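Chemist: Supplied structure: model.cif, mmCIF, N, CA and C atoms and all ligand atoms.
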```cif
data_query
loop_
_atom_site.label_atom_id
_atom_site.label_comp_id
_atom_site.auth_asym_id
_atom_site.auth_seq_id
_atom_site.Cartn_x
_atom_site.Cartn_y
_atom_site.Cartn_z
N MET A 22 -15.54 -7.36 -46.26
CA MET A 22 -14.43 -7.08 -45.33
C MET A 22 -13.37 -8.16 -45.47
N LYS A 23 -12.15 -7.64 -45.67
CA LYS A 23 -11.06 -8.60 -45.83
C LYS A 23 -10.37 -8.87 -44.50
N ILE A 24 -9.96 -10.07 -44.34
CA ILE A 24 -9.24 -10.42 -43.11
C ILE A 24 -7.74 -10.31 -43.36
N ARG A 25 -7.11 -9.40 -42.58
CA ARG A 25 -5.66 -9.25 -42.73
C ARG A 25 -4.94 -10.23 -41.81
N ARG A 26 -4.00 -10.91 -42.35
CA ARG A 26 -3.30 -11.93 -41.56
C ARG A 26 -2.01 -11.38 -40.96
N SER A 27 -1.55 -10.26 -41.49
CA SER A 27 -0.23 -9.80 -41.03
C SER A 27 -0.30 -8.76 -39.92
N GLY A 28 -1.49 -8.47 -39.39
CA GLY A 28 -1.58 -7.49 -38.31
C GLY A 28 -0.86 -7.98 -37.06
N PRO A 29 -0.10 -7.11 -36.40
CA PRO A 29 0.68 -7.56 -35.23
C PRO A 29 -0.18 -7.89 -34.04
N ARG A 30 -1.37 -7.29 -33.92
CA ARG A 30 -2.21 -7.53 -32.76
C ARG A 30 -3.20 -8.66 -32.99
N THR A 31 -3.24 -9.17 -34.21
CA THR A 31 -4.20 -10.23 -34.51
C THR A 31 -3.85 -11.48 -33.72
N PRO A 32 -4.76 -11.92 -32.87
CA PRO A 32 -4.49 -13.16 -32.14
C PRO A 32 -4.49 -14.34 -33.10
N SER A 33 -3.35 -14.89 -33.27
CA SER A 33 -3.25 -15.97 -34.24
C SER A 33 -2.75 -17.23 -33.58
N THR A 34 -2.98 -18.31 -34.20
CA THR A 34 -2.51 -19.57 -33.66
C THR A 34 -1.01 -19.75 -33.89
N LYS A 35 -0.47 -18.97 -34.86
CA LYS A 35 0.97 -19.06 -35.12
C LYS A 35 1.72 -18.01 -34.31
N SER A 36 1.59 -18.06 -32.98
CA SER A 36 2.18 -17.01 -32.15
C SER A 36 3.70 -17.16 -31.98
N GLN A 37 4.21 -18.32 -32.28
CA GLN A 37 5.67 -18.52 -32.09
C GLN A 37 6.47 -17.62 -33.02
N GLY A 38 5.93 -17.41 -34.21
CA GLY A 38 6.65 -16.62 -35.19
C GLY A 38 6.75 -15.16 -34.80
N SER A 39 5.73 -14.63 -34.15
CA SER A 39 5.71 -13.20 -33.84
C SER A 39 6.72 -12.84 -32.76
N VAL A 40 7.10 -13.76 -31.93
CA VAL A 40 8.07 -13.46 -30.87
C VAL A 40 9.40 -13.05 -31.47
N ARG A 41 9.80 -13.74 -32.51
CA ARG A 41 11.10 -13.46 -33.11
C ARG A 41 11.14 -12.05 -33.72
N THR A 42 10.07 -11.70 -34.44
CA THR A 42 10.05 -10.39 -35.08
C THR A 42 10.03 -9.28 -34.03
N ARG A 43 9.34 -9.51 -32.93
CA ARG A 43 9.24 -8.50 -31.90
C ARG A 43 10.60 -8.18 -31.31
N ARG A 44 11.42 -9.19 -31.13
CA ARG A 44 12.71 -8.98 -30.49
C ARG A 44 13.61 -8.08 -31.35
N SER A 45 13.55 -8.29 -32.65
CA SER A 45 14.41 -7.49 -33.51
C SER A 45 13.95 -6.04 -33.57
N VAL A 46 12.64 -5.82 -33.45
CA VAL A 46 12.12 -4.45 -33.44
C VAL A 46 12.53 -3.73 -32.17
N ASN A 47 12.58 -4.49 -31.06
CA ASN A 47 12.88 -3.89 -29.77
C ASN A 47 14.33 -3.45 -29.60
N LYS A 48 15.19 -3.78 -30.51
CA LYS A 48 16.61 -3.42 -30.37
C LYS A 48 16.76 -1.90 -30.23
N PRO A 49 17.44 -1.45 -29.19
CA PRO A 49 17.59 0.00 -29.01
C PRO A 49 18.42 0.61 -30.13
N LYS A 50 17.89 1.67 -30.69
CA LYS A 50 18.59 2.33 -31.79
C LYS A 50 19.16 3.65 -31.30
N LYS A 51 20.27 3.55 -30.59
CA LYS A 51 20.88 4.76 -30.03
C LYS A 51 21.68 5.49 -31.10
N SER A 52 21.82 6.78 -30.85
CA SER A 52 22.60 7.59 -31.78
C SER A 52 24.04 7.11 -31.84
N THR A 53 24.53 6.90 -33.01
CA THR A 53 25.88 6.36 -33.15
C THR A 53 26.95 7.44 -32.95
N LYS A 54 26.53 8.70 -32.97
CA LYS A 54 27.48 9.79 -32.80
C LYS A 54 28.21 9.70 -31.46
N ASN A 55 27.47 9.34 -30.43
CA ASN A 55 28.05 9.27 -29.09
C ASN A 55 29.13 8.20 -28.99
N ALA A 56 29.05 7.25 -29.85
CA ALA A 56 29.98 6.13 -29.79
C ALA A 56 31.21 6.37 -30.67
N LYS A 57 31.44 7.61 -31.03
CA LYS A 57 32.53 7.91 -31.93
C LYS A 57 33.89 7.63 -31.30
N TYR A 58 34.02 8.01 -30.03
CA TYR A 58 35.29 7.79 -29.33
C TYR A 58 35.02 7.06 -28.02
N PRO A 59 34.54 5.80 -28.10
CA PRO A 59 34.16 5.11 -26.86
C PRO A 59 35.34 4.91 -25.91
N ASP A 60 36.54 4.68 -26.45
CA ASP A 60 37.67 4.43 -25.56
C ASP A 60 38.13 5.72 -24.88
N ILE A 61 38.02 6.84 -25.59
CA ILE A 61 38.40 8.12 -24.99
C ILE A 61 37.40 8.50 -23.90
N ARG A 62 36.13 8.23 -24.16
CA ARG A 62 35.12 8.49 -23.13
C ARG A 62 35.44 7.67 -21.88
N ARG A 63 35.83 6.42 -22.09
CA ARG A 63 36.20 5.59 -20.95
C ARG A 63 37.39 6.19 -20.21
N ASP A 64 38.39 6.66 -20.96
CA ASP A 64 39.56 7.29 -20.34
C ASP A 64 39.14 8.47 -19.48
N LEU A 65 38.29 9.31 -20.06
CA LEU A 65 37.83 10.52 -19.36
C LEU A 65 37.08 10.15 -18.09
N GLU A 66 36.22 9.17 -18.20
CA GLU A 66 35.42 8.79 -17.04
C GLU A 66 36.28 8.17 -15.95
N ARG A 67 37.30 7.42 -16.37
CA ARG A 67 38.21 6.81 -15.41
C ARG A 67 39.01 7.90 -14.69
N GLN A 68 39.48 8.86 -15.48
CA GLN A 68 40.27 9.96 -14.93
C GLN A 68 39.43 10.77 -13.93
N ARG A 69 38.19 10.98 -14.32
CA ARG A 69 37.27 11.73 -13.49
C ARG A 69 37.07 11.02 -12.14
N ALA A 70 36.85 9.72 -12.22
CA ALA A 70 36.63 8.94 -11.01
C ALA A 70 37.87 8.97 -10.12
N ALA A 71 39.05 8.92 -10.75
CA ALA A 71 40.30 8.94 -10.00
C ALA A 71 40.47 10.27 -9.27
N ILE A 72 40.15 11.36 -9.95
CA ILE A 72 40.27 12.68 -9.33
C ILE A 72 39.31 12.81 -8.16
N LEU A 73 38.08 12.41 -8.39
CA LEU A 73 37.08 12.51 -7.32
C LEU A 73 37.51 11.68 -6.12
N ASN A 74 38.10 10.55 -6.39
CA ASN A 74 38.59 9.69 -5.34
C ASN A 74 39.71 10.38 -4.56
N ASP A 75 40.65 11.00 -5.30
CA ASP A 75 41.76 11.73 -4.68
C ASP A 75 41.25 12.86 -3.82
N VAL A 76 40.33 13.65 -4.38
CA VAL A 76 39.79 14.79 -3.64
C VAL A 76 39.12 14.31 -2.36
N GLY A 77 38.41 13.22 -2.49
CA GLY A 77 37.77 12.63 -1.32
C GLY A 77 38.77 12.28 -0.24
N GLU A 78 39.90 11.74 -0.65
CA GLU A 78 40.94 11.38 0.30
C GLU A 78 41.54 12.59 0.97
N VAL A 79 41.76 13.64 0.19
CA VAL A 79 42.32 14.88 0.73
C VAL A 79 41.39 15.45 1.78
N LEU A 80 40.11 15.44 1.45
CA LEU A 80 39.13 16.00 2.38
C LEU A 80 39.07 15.19 3.66
N THR A 81 39.13 13.88 3.53
CA THR A 81 39.12 13.01 4.70
C THR A 81 40.34 13.30 5.55
N HIS A 82 41.48 13.48 4.88
CA HIS A 82 42.72 13.77 5.58
C HIS A 82 42.59 15.06 6.39
N ARG A 83 41.96 16.06 5.79
CA ARG A 83 41.80 17.34 6.47
C ARG A 83 40.89 17.20 7.69
N ASP A 84 39.90 16.36 7.57
CA ASP A 84 39.03 16.13 8.71
C ASP A 84 39.81 15.53 9.86
N ASP A 85 40.74 14.64 9.52
CA ASP A 85 41.58 14.04 10.54
C ASP A 85 42.39 15.10 11.26
N LEU A 86 42.93 16.06 10.50
CA LEU A 86 43.75 17.12 11.08
C LEU A 86 42.91 17.96 12.03
N ALA A 87 41.72 18.27 11.64
CA ALA A 87 40.85 19.11 12.45
C ALA A 87 40.48 18.41 13.76
N ALA A 88 40.51 17.10 13.73
CA ALA A 88 40.14 16.34 14.91
C ALA A 88 41.24 16.39 15.97
N PHE A 89 42.47 16.79 15.58
CA PHE A 89 43.57 16.89 16.53
C PHE A 89 44.15 18.30 16.51
N PRO A 90 43.53 19.25 17.15
CA PRO A 90 44.01 20.63 17.07
C PRO A 90 45.19 20.89 18.00
N ASP A 91 46.23 20.13 17.81
CA ASP A 91 47.43 20.29 18.63
C ASP A 91 48.20 21.51 18.14
N VAL A 92 48.61 22.41 19.06
CA VAL A 92 49.27 23.64 18.67
C VAL A 92 50.61 23.37 17.98
N SER A 93 51.34 22.40 18.47
CA SER A 93 52.65 22.12 17.90
C SER A 93 52.54 21.58 16.47
N ASP A 94 51.42 21.04 16.14
CA ASP A 94 51.23 20.49 14.80
C ASP A 94 50.64 21.50 13.83
N GLN A 95 50.34 22.68 14.34
CA GLN A 95 49.61 23.62 13.52
C GLN A 95 50.39 24.03 12.27
N ALA A 96 51.70 24.27 12.42
CA ALA A 96 52.51 24.69 11.27
C ALA A 96 52.47 23.65 10.17
N SER A 97 52.70 22.42 10.53
CA SER A 97 52.71 21.37 9.51
C SER A 97 51.31 21.14 8.97
N ALA A 98 50.33 21.36 9.81
CA ALA A 98 48.95 21.21 9.35
C ALA A 98 48.63 22.26 8.30
N GLU A 99 49.14 23.47 8.50
CA GLU A 99 48.90 24.53 7.53
C GLU A 99 49.58 24.23 6.20
N VAL A 100 50.80 23.73 6.28
CA VAL A 100 51.50 23.35 5.07
C VAL A 100 50.71 22.29 4.32
N ASP A 101 50.24 21.31 5.06
CA ASP A 101 49.42 20.26 4.48
C ASP A 101 48.18 20.82 3.81
N GLN A 102 47.58 21.77 4.51
CA GLN A 102 46.34 22.34 4.01
C GLN A 102 46.60 23.13 2.71
N ASN A 103 47.67 23.92 2.72
CA ASN A 103 48.01 24.66 1.49
C ASN A 103 48.27 23.70 0.34
N PHE A 104 48.99 22.65 0.67
CA PHE A 104 49.32 21.67 -0.36
C PHE A 104 48.05 21.04 -0.92
N SER A 105 47.17 20.63 -0.05
CA SER A 105 45.95 19.97 -0.52
C SER A 105 45.05 20.95 -1.25
N MET A 106 45.09 22.21 -0.84
CA MET A 106 44.30 23.21 -1.55
C MET A 106 44.84 23.43 -2.95
N ARG A 107 46.15 23.41 -3.07
CA ARG A 107 46.76 23.58 -4.40
C ARG A 107 46.38 22.41 -5.29
N ILE A 108 46.46 21.22 -4.73
CA ILE A 108 46.07 20.04 -5.50
C ILE A 108 44.62 20.14 -5.93
N ARG A 109 43.80 20.55 -4.99
CA ARG A 109 42.37 20.61 -5.30
C ARG A 109 42.07 21.63 -6.38
N GLU A 110 42.79 22.77 -6.32
CA GLU A 110 42.58 23.79 -7.34
C GLU A 110 42.92 23.23 -8.72
N ARG A 111 44.05 22.54 -8.80
CA ARG A 111 44.49 21.98 -10.08
C ARG A 111 43.51 20.90 -10.54
N GLU A 112 43.11 20.05 -9.60
CA GLU A 112 42.22 18.96 -9.96
C GLU A 112 40.83 19.47 -10.31
N ARG A 113 40.44 20.54 -9.65
CA ARG A 113 39.13 21.11 -9.93
C ARG A 113 39.09 21.61 -11.37
N LYS A 114 40.18 22.24 -11.80
CA LYS A 114 40.24 22.74 -13.17
C LYS A 114 40.21 21.60 -14.17
N LEU A 115 40.97 20.55 -13.85
CA LEU A 115 41.00 19.40 -14.75
C LEU A 115 39.64 18.72 -14.79
N LEU A 116 39.03 18.64 -13.61
CA LEU A 116 37.71 18.03 -13.52
C LEU A 116 36.71 18.78 -14.39
N LYS A 117 36.81 20.10 -14.37
CA LYS A 117 35.91 20.92 -15.17
C LYS A 117 36.15 20.64 -16.66
N LYS A 118 37.42 20.53 -17.03
CA LYS A 118 37.74 20.23 -18.43
C LYS A 118 37.20 18.87 -18.84
N ILE A 119 37.32 17.90 -17.93
CA ILE A 119 36.81 16.56 -18.23
C ILE A 119 35.30 16.60 -18.39
N ASP A 120 34.64 17.31 -17.48
CA ASP A 120 33.17 17.42 -17.58
C ASP A 120 32.77 18.07 -18.89
N GLU A 121 33.51 19.09 -19.28
CA GLU A 121 33.19 19.78 -20.52
C GLU A 121 33.41 18.86 -21.73
N ALA A 122 34.47 18.08 -21.65
CA ALA A 122 34.73 17.14 -22.74
C ALA A 122 33.60 16.11 -22.85
N LEU A 123 33.13 15.62 -21.70
CA LEU A 123 32.04 14.65 -21.70
C LEU A 123 30.75 15.28 -22.22
N GLU A 124 30.55 16.56 -21.88
CA GLU A 124 29.37 17.28 -22.39
C GLU A 124 29.45 17.41 -23.90
N ARG A 125 30.66 17.70 -24.39
CA ARG A 125 30.82 17.81 -25.85
C ARG A 125 30.57 16.48 -26.52
N MET A 126 30.94 15.39 -25.82
CA MET A 126 30.66 14.07 -26.39
C MET A 126 29.16 13.85 -26.50
N ASP A 127 28.42 14.25 -25.46
CA ASP A 127 26.96 14.09 -25.48
C ASP A 127 26.35 14.96 -26.56
N ALA A 128 26.92 16.13 -26.80
CA ALA A 128 26.38 17.04 -27.80
C ALA A 128 26.93 16.74 -29.19
N ALA A 129 27.78 15.70 -29.25
CA ALA A 129 28.38 15.29 -30.52
C ALA A 129 29.23 16.39 -31.16
N THR A 130 29.81 17.26 -30.31
CA THR A 130 30.73 18.26 -30.83
C THR A 130 32.16 17.94 -30.39
N TYR A 131 32.33 16.79 -29.75
CA TYR A 131 33.64 16.41 -29.28
C TYR A 131 34.57 16.10 -30.45
N GLY A 132 35.82 16.54 -30.32
CA GLY A 132 36.80 16.25 -31.36
C GLY A 132 36.78 17.25 -32.49
N ILE A 133 35.98 18.31 -32.31
CA ILE A 133 35.95 19.37 -33.32
C ILE A 133 36.68 20.58 -32.76
N CYS A 134 37.61 21.10 -33.53
CA CYS A 134 38.42 22.23 -33.07
C CYS A 134 37.53 23.46 -32.86
N GLU A 135 37.68 24.07 -31.67
CA GLU A 135 36.88 25.25 -31.32
C GLU A 135 37.19 26.43 -32.23
N ARG A 136 38.39 26.43 -32.76
CA ARG A 136 38.84 27.62 -33.46
C ARG A 136 38.60 27.55 -34.97
N CYS A 137 38.97 26.43 -35.56
CA CYS A 137 38.84 26.33 -37.02
C CYS A 137 37.69 25.42 -37.44
N GLY A 138 37.11 24.71 -36.48
CA GLY A 138 35.99 23.84 -36.80
C GLY A 138 36.39 22.54 -37.48
N GLY A 139 37.69 22.30 -37.57
CA GLY A 139 38.16 21.06 -38.19
C GLY A 139 38.19 19.91 -37.20
N ASP A 140 38.32 18.72 -37.71
CA ASP A 140 38.41 17.55 -36.85
C ASP A 140 39.79 17.50 -36.19
N ILE A 141 39.78 17.25 -34.89
CA ILE A 141 41.04 17.06 -34.18
C ILE A 141 41.44 15.59 -34.37
N PRO A 142 42.67 15.34 -34.80
CA PRO A 142 43.07 13.95 -35.06
C PRO A 142 42.93 13.07 -33.82
N TYR A 143 42.52 11.84 -34.07
CA TYR A 143 42.30 10.88 -32.97
C TYR A 143 43.52 10.77 -32.06
N LYS A 144 44.70 10.75 -32.66
CA LYS A 144 45.92 10.57 -31.88
C LYS A 144 46.09 11.67 -30.84
N ARG A 145 45.75 12.89 -31.25
CA ARG A 145 45.85 14.02 -30.33
C ARG A 145 44.80 13.91 -29.22
N LEU A 146 43.60 13.50 -29.59
CA LEU A 146 42.53 13.34 -28.59
C LEU A 146 42.89 12.26 -27.58
N LYS A 147 43.47 11.20 -28.09
CA LYS A 147 43.83 10.09 -27.22
C LYS A 147 44.92 10.54 -26.22
N ALA A 148 45.86 11.34 -26.71
CA ALA A 148 46.95 11.80 -25.85
C ALA A 148 46.48 12.88 -24.89
N ARG A 149 45.55 13.70 -25.35
CA ARG A 149 45.06 14.82 -24.53
C ARG A 149 43.55 14.95 -24.73
N PRO A 150 42.79 14.10 -24.01
CA PRO A 150 41.35 14.00 -24.28
C PRO A 150 40.56 15.28 -24.01
N VAL A 151 41.10 16.19 -23.17
CA VAL A 151 40.31 17.38 -22.83
C VAL A 151 40.57 18.54 -23.78
N THR A 152 41.43 18.31 -24.78
CA THR A 152 41.77 19.42 -25.68
C THR A 152 40.56 19.87 -26.50
N THR A 153 40.57 21.17 -26.81
CA THR A 153 39.49 21.71 -27.64
C THR A 153 40.03 22.31 -28.92
N LEU A 154 41.35 22.19 -29.12
CA LEU A 154 41.98 22.79 -30.29
C LEU A 154 42.82 21.77 -31.03
N CYS A 155 42.88 21.89 -32.35
CA CYS A 155 43.79 21.04 -33.11
C CYS A 155 45.21 21.59 -32.93
N ILE A 156 46.18 20.82 -33.36
CA ILE A 156 47.58 21.19 -33.14
C ILE A 156 47.88 22.56 -33.73
N GLU A 157 47.42 22.80 -34.95
CA GLU A 157 47.71 24.06 -35.63
C GLU A 157 47.17 25.25 -34.82
N CYS A 158 45.93 25.13 -34.39
CA CYS A 158 45.30 26.23 -33.66
C CYS A 158 45.94 26.39 -32.27
N LYS A 159 46.30 25.27 -31.66
CA LYS A 159 46.95 25.34 -30.36
C LYS A 159 48.28 26.08 -30.49
N THR A 160 49.03 25.76 -31.55
CA THR A 160 50.31 26.42 -31.79
C THR A 160 50.09 27.92 -32.01
N LEU A 161 49.10 28.26 -32.81
CA LEU A 161 48.78 29.67 -33.05
C LEU A 161 48.42 30.38 -31.75
N GLN A 162 47.60 29.71 -30.95
CA GLN A 162 47.18 30.31 -29.68
C GLN A 162 48.38 30.56 -28.77
N GLU A 163 49.30 29.60 -28.73
CA GLU A 163 50.47 29.77 -27.89
C GLU A 163 51.34 30.91 -28.38
N GLN A 164 51.45 31.02 -29.70
CA GLN A 164 52.23 32.13 -30.27
C GLN A 164 51.61 33.47 -29.90
N GLU A 165 50.31 33.53 -29.96
CA GLU A 165 49.60 34.77 -29.60
C GLU A 165 49.82 35.11 -28.14
N GLU A 166 49.71 34.09 -27.29
CA GLU A 166 49.91 34.32 -25.87
C GLU A 166 51.33 34.78 -25.59
N HIS A 167 52.25 34.25 -26.35
CA HIS A 167 53.65 34.62 -26.22
C HIS A 167 53.84 36.09 -26.62
N ALA A 168 53.21 36.48 -27.73
CA ALA A 168 53.34 37.84 -28.24
C ALA A 168 52.74 38.84 -27.25
N ARG A 169 51.64 38.42 -26.63
CA ARG A 169 50.99 39.30 -25.66
C ARG A 169 51.83 39.43 -24.39
N GLY A 170 52.61 38.42 -24.12
CA GLY A 170 53.46 38.45 -22.93
C GLY A 170 52.75 37.87 -21.75
ZN ZN B 201 41.92 24.15 -35.45
#
```
Here is the file; what I need is its structure written in the form of structure tokens.
Modeler:
Amino acid sequence: MKIRRSGPRTPSTKSQGSVRTRRSVNKPKKSTKNAKYPDIRRDLERQRAAILNDVGEVLTHRDDLAAFPDVSDQASAEVDQNFSMRIRERERKLLKKIDEALERMDAATYGICERCGGDIPYKRLKARPVTTLCIECKTLQEQEEHARG
């Protein structure tokens, strides 16, 4: 029977050396695909947080209105409510787009044109992170929508 000296579990007197090797093995090896557009992901997450914060404020504001059901204020309260509902509708749509973009990042399909399957240039993604189409396809889509009326 041969004695192996390089076994990791072998209790050895030279234990100082094994600590160093263990640390390098423990390094997390995450998929690099997700890190393709780290700054855009940050932008999206920041935008998402800002929207959620805004929506939260709108909702709080509405609670305040409900707490004072003064008849003379009702007209302006309704205007306020319509306004906040419009904002929420718009923000809800944007929020959905942001969530979808983040999902595509997790699935590593972010930055790929939905229509032609080509890479969307970084510059376009940076300017419009929620886009799913490259410039060419976006232009084509707009032309089609125009033709349809
Ligand atoms: Zn395309």
Chemist: Neighbours of ligand ZN 201 (chain B) at 7 Å or closer, counting all atoms listed in the file: which residues, as a ChimeraX atom specification?
Modeler: /A:133-140,154-159
Chemist: Interatomic distance between atom CA of Thr130 of chain A and atom CA of Glu110 of chain A?
Modeler: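 Answer for the atom CA of Thr130 of chain A to atom CA of Glu110 of chain A separation: 26.9 Å.
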Chemist: Excluding same-chain residues fewer than 4 positions from Glu112 of chain A, what lies within 8 Å of it counting only N, CA and C atoms, as number ranges by chain?
Modeler: A: 72-73, 76, 106-108, 116-118
Chemist: I need the residues from that last selection saved to file as a tab-separated table (two decimals), in the frame of the given file (with N, CA and C atoms), if you can.
Modeler:
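What landed in out_1.tsv:
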```
chain	number	residue	atom	x	y	z
A	72	ILE	N	40.15	11.36	-9.95
A	72	ILE	CA	40.27	12.68	-9.33
A	72	ILE	C	39.31	12.81	-8.16
A	73	LEU	N	38.08	12.41	-8.39
A	73	LEU	CA	37.08	12.51	-7.32
A	73	LEU	C	37.51	11.68	-6.12
A	76	VAL	N	40.33	13.65	-4.38
A	76	VAL	CA	39.79	14.79	-3.64
A	76	VAL	C	39.12	14.31	-2.36
A	106	MET	N	45.09	22.21	-0.84
A	106	MET	CA	44.30	23.21	-1.55
A	106	MET	C	44.84	23.43	-2.95
A	107	ARG	N	46.15	23.41	-3.07
A	107	ARG	CA	46.76	23.58	-4.40
A	107	ARG	C	46.38	22.41	-5.29
A	108	ILE	N	46.46	21.22	-4.73
A	108	ILE	CA	46.07	20.04	-5.50
A	108	ILE	C	44.62	20.14	-5.93
A	116	LEU	N	39.03	18.64	-13.61
A	116	LEU	CA	37.71	18.03	-13.52
A	116	LEU	C	36.71	18.78	-14.39
A	117	LYS	N	36.81	20.10	-14.37
A	117	LYS	CA	35.91	20.92	-15.17
A	117	LYS	C	36.15	20.64	-16.66
A	118	LYS	N	37.42	20.53	-17.03
A	118	LYS	CA	37.74	20.23	-18.43
A	118	LYS	C	37.20	18.87	-18.84
```
Chemist: Which of these, A:Arg109, A:Lys114, A:Arg149, A:Arg125, has the shortest distance to Lys57 of chain A once you count only C-alpha atoms?
Modeler: A:Arg125
Chemist: Interatomic distance between atom N of Thr160 of chain A and atom C of Tyr58 of chain A?
Modeler: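 Between atom N of Thr160 of chain A and atom C of Tyr58 of chain A the gap works out to 23.6 Å.
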Chemist: Tell me, in Å to one decimal, how far atom C of Leu115 of chain A is from atom C of Leu65 of chain A.
Modeler: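 Separation of atom C of Leu115 of chain A and atom C of Leu65 of chain A: 9.5 Å.
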Chemist: Please identify the alpha helix (DSSP H) residues within segment 92-136 of chain A (assignment by DSSP from backbone atoms) and present them as a count of residues only.
Modeler: 33
Chemist: Given the choices A:Ile141, A:Val151, A:Val100, A:Ala70, which gets closest to Glu124 of chain A if the distance is worked out from only C-alpha atoms?
Modeler: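 Closest to Glu124 of chain A of all the choices is A:Val151.
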